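Have a look at the structure below, then the notes.
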Amino acid sequence: MKQLLPCLALWGANTLAAQAISTTGIERDLPASSSWRLAYDNDFFTATDRYFTQGIVLEVTSPGLSRLALMRMLIAPGGTVKRHSVVFEDDGYTASDLKAPQILTGDHPYAGTKQLRIQAIATDTLRRQRITSSLNVGIIGPGAGGKEIQTFIHRRTGNTIPQGWGNQIRNDLILNYEAGVDREIFRAGRTLLITGGGLARAGTYNTALTAGPTVTVGRVGTPFSAPQSAKRAFYLYAKPQVNLVGYDATLQGGLFNRSSPYVISDADVSRVVYRQQVGLVYRTGSVLIEYYRSFASPEFRGGRAHRSGGFQIGVFRSR
């Protein structure tokens with residue numbers, strides 16, 4: 001593991017985000033051991049309504065969570081500064097034509113997911129790197145309530161009521177594990193930070209690798225310091241990634257329940273997908289506010305590129 005993690009950091013292997021919303025990135029670091037975060041992503045921000053259509057995340061970080069027995073499954077080497085979190089995530093995926101009740105062959109399957117995640121971030125201040133790991137448990141399928149959530153939102157906002165949820169991916173187990181690393185590659189004072197990240201994910205929900213740096217410009221933070229600076233920060237970031245896809249249950253259905261009425265075949269899944277996220281972050285001594293835009297190249301044969309946007313709000317206790 002000691003030899004593998006630096007290599008991943010330099011080559012920048014991160015996972016394809018079937019977990020659609022990330023809260024562990026260097027670009028959105030919360031410099032405290034106690035915090036909460038709310039993240040919301042919706043393609044409404046980019047005037048689209050297809051594929052990954054919306055997601056919401058609630059994250060709570062507290063030193064007391066380190067005592068949970070399952071946290072022992074996560075990676076937290078000695079000599080590092082550790083943070084432990086519990087995260088709830090809800091995501092929804094649809095076809096491109098919400099008015100069509102029939103299966104649209106060659107389009108994205110409908111899918112709803114709910115996940116509960118435990119995660120750890122271990123910062124090594126000497127090597128200027130940090131290790132992240134998490135364990136996800138949840139459900140994909142009607143039991144996740146994707147139809148009900150999207151229908152409620154669209155009815156309240158006066159948008160098209162989706163008609164294709166009857167064809168959604170059937171109930172199955174989500175059980176996923178991920179582990180990765182971020183390492184500082186270059187820093188110019190408090191105005192520029194370039195990092196390389198590594199993350200590998202495997203399980204019933206998503207198996208994939210990604211490659212790409214993260215570049216932050218402005219009044220950037222100090223995510224590899226301890227104690228980390230809680231001073232005001234304001235910066236732009238760019239995060240280009242090339243994703244190598246092994247398995248994606250939101251396209252291919254669950255591993256155990258093969259009764260879904262429609263999925264994307266293995267042969268039609270794009271094994272290389274380009275993703276990019278750009279964002280703006282403002283952080284005071286106790287609050288982080290972020291707005292971002294995401295882009296993804298087609299994820300399956302006949303699919304289209306997709307754009308979405310989102311925001312994150314974090315509140316933390318300064319050291």
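Chain labels run A, B, ... following the order of the structure tokens; each chain numbers its residues from 1, and ligands are numbered from 1 in the order shown.
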Write down as a ChimeraX atom specification the residues of stretch 97-305 of chain A whose backbone DSSP state falls under strand (DSSP E or B). /A:111-124,129-140,172-188,192-203,206-211,213-219,233-248,269,272-283,287-296,300
Just the residues within 6 Å of A:Lys239, please, counting only C-alpha atoms, with nothing from its chain fewer than 2 positions along; format it as a ChimeraX atom specification. /A:214,276-277
Which residues are close to A:Gly203, i.e. within 7 Å by only C-alpha atoms, leaving aside same-chain residues fewer than 6 positions away? Reply as a PDB file with N, CA, C and O atoms, in the first residue's frame.
ATOM      1  N   LEU A 175     -23.313  -2.125  -2.332  1.00  0.00           N
ATOM      2  CA  LEU A 175     -22.242  -2.374  -1.370  1.00  0.00           C
ATOM      3  C   LEU A 175     -20.929  -2.075  -2.075  1.00  0.00           C
ATOM      4  O   LEU A 175     -20.505  -2.819  -2.949  1.00  0.00           O
ATOM      5  N   ASN A 176     -20.308  -0.974  -1.710  1.00  0.00           N
ATOM      6  CA  ASN A 176     -19.119  -0.500  -2.411  1.00  0.00           C
ATOM      7  C   ASN A 176     -18.047  -0.050  -1.424  1.00  0.00           C
ATOM      8  O   ASN A 176     -18.365   0.451  -0.333  1.00  0.00           O
ATOM      9  N   TYR A 177     -16.815  -0.217  -1.834  1.00  0.00           N
ATOM     10  CA  TYR A 177     -15.677   0.254  -1.033  1.00  0.00           C
ATOM     11  C   TYR A 177     -14.767   1.075  -1.931  1.00  0.00           C
ATOM     12  O   TYR A 177     -14.589   0.749  -3.111  1.00  0.00           O
TER      13      TYR A 177
END
Neighbours of A:Trp36 within 6 Å (only C-alpha atoms; same-chain residues fewer than 4 positions away dropped), as a count of residues only? 4
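All residues of stretch 5-145 of chain A that DSSP, run on the backbone, classes as helix (DSSP H, G or I) are A:Leu5, A:Pro6, A:Cys7, A:Leu8, A:Ala9, A:Leu10, A:Trp11, A:Ile26, A:Glu27, A:Arg28, A:Asp43, A:Phe44, A:Phe45, A:Thr46, A:Pro63, A:Gly64, A:Leu65, A:Ser66, A:Arg67, A:Ala69, A:Leu70, A:Met71, A:Arg72, A:Met73, A:Pro142, A:Gly143, A:Ala144.
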Please tabulate, as CSV, the residues of stretch 229-280 of chain A that come within 8 Å of stretch 109-130 of chain A, each with its closest pair of atoms and the distance in Å to one decimal, counting only C-alpha atoms and ordering rows by chain, then residue number upward.
residue,atom,partner,partner_atom,distance
A:Thr250,CA,A:Ala111,CA,6.0
A:Leu251,CA,A:Pro109,CA,6.2
A:Tyr262,CA,A:Pro109,CA,6.5
A:Val263,CA,A:Pro109,CA,5.9
A:Ile264,CA,A:Pro109,CA,7.4
Selected residues written out, all heavy atoms, as a CSV table (one decimal), in the first residue's frame:
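Result file is result.csv:
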chain,number,residue,atom,x,y,z
A,250,THR,N,-26.0,2.0,-12.4
A,250,THR,CA,-27.1,2.9,-12.9
A,250,THR,C,-27.3,2.8,-14.4
A,250,THR,O,-28.3,3.3,-14.9
A,250,THR,CB,-26.7,4.4,-12.6
A,250,THR,OG1,-25.5,4.8,-13.3
A,250,THR,CG2,-26.4,4.6,-11.1
A,251,LEU,N,-26.4,2.2,-15.1
A,251,LEU,CA,-26.5,1.9,-16.5
A,251,LEU,C,-26.8,0.4,-16.8
A,251,LEU,O,-27.7,0.0,-17.6
A,251,LEU,CB,-25.3,2.2,-17.3
A,251,LEU,CG,-24.9,3.7,-17.4
A,251,LEU,CD1,-23.5,3.8,-18.1
A,251,LEU,CD2,-25.9,4.5,-18.1
A,262,TYR,N,-35.0,-2.9,-18.5
A,262,TYR,CA,-34.1,-2.3,-19.5
A,262,TYR,C,-32.9,-1.8,-18.9
A,262,TYR,O,-32.9,-1.2,-17.8
A,262,TYR,CB,-34.8,-1.1,-20.2
A,262,TYR,CG,-33.9,-0.3,-21.1
A,262,TYR,CD1,-33.3,-0.8,-22.3
A,262,TYR,CD2,-33.5,1.0,-20.7
A,262,TYR,CE1,-32.5,-0.1,-23.0
A,262,TYR,CE2,-32.6,1.7,-21.5
A,262,TYR,CZ,-32.1,1.2,-22.6
A,262,TYR,OH,-31.2,1.9,-23.4
A,263,VAL,N,-31.7,-2.2,-19.5
A,263,VAL,CA,-30.4,-1.8,-19.0
A,263,VAL,C,-29.5,-1.5,-20.3
A,263,VAL,O,-29.9,-2.0,-21.4
A,263,VAL,CB,-29.7,-2.8,-18.1
A,263,VAL,CG1,-30.5,-2.9,-16.8
A,263,VAL,CG2,-29.5,-4.1,-18.8
A,264,ILE,N,-28.4,-0.9,-20.1
A,264,ILE,CA,-27.4,-0.8,-21.2
A,264,ILE,C,-26.6,-2.0,-21.2
A,264,ILE,O,-26.1,-2.4,-20.2
A,264,ILE,CB,-26.6,0.5,-21.0
A,264,ILE,CG1,-27.4,1.8,-20.9
A,264,ILE,CG2,-25.5,0.6,-22.1
A,264,ILE,CD1,-28.1,2.1,-22.2
Find the residues near A:Glu148: any atom within 12 Å, counting only C-alpha atoms, skip ones fewer than 6 places away on the same chain, and give them as a PyMOL selection string. chain A and resi 92+111-112+141-142+154-155+161-163+165-166
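You will find atom CA of A:Val272 at 4.9 Å from atom CA of A:Leu244.
When atom CA of A:Asn257 is paired with atom CA of A:Asp172, their separation reads 5.8 Å.
Separating atom CA of A:Pro31 from atom CA of A:Gly218 is a distance of 17.4 Å.
All residues of protein, DNA or RNA that reach within 8 Å of A:His306, judged by only C-alpha atoms and not counting those fewer than 3 positions away in the chain, are Tyr51, Phe295, Ala296, Ser297 and Pro298 of chain A.
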So that I have them on file, write out the residues from the current selection with C-alpha atoms, as a compact mmCIF listing (two decimals), in the first residue's frame.
# COMPACT_ATOMS: atom_id res chain seq x y z
CA TYR A 51 -29.40 11.18 -17.35
CA PHE A 295 -19.47 18.06 -17.81
CA ALA A 296 -19.32 14.41 -18.87
CA SER A 297 -18.76 12.90 -22.30
CA PRO A 298 -21.21 10.17 -23.45
Residues near A:Pro213, anyone? I mean within 8 Å using only C-alpha atoms, not counting same-chain ones fewer than 5 positions away, as a PyMOL selection string. chain A and resi 12+194-197+239-241
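Residue nearest A:Lys99, chosen from A:Ser225, A:Ile139, A:Thr160, A:Val86 and counting only C-alpha atoms: A:Thr160.
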Let me make sure I understand: among A:Asp182, A:Tyr292, A:Arg317, A:Ser22, which one has the smallest atom-to-atom distance to A:Phe224 if we use only C-alpha atoms? A:Asp182
Shortest interatomic distance to A:Leu288 - which of A:Pro101, A:Gly158, A:Gly302, A:Gly221, counting only C-alpha atoms: A:Gly221
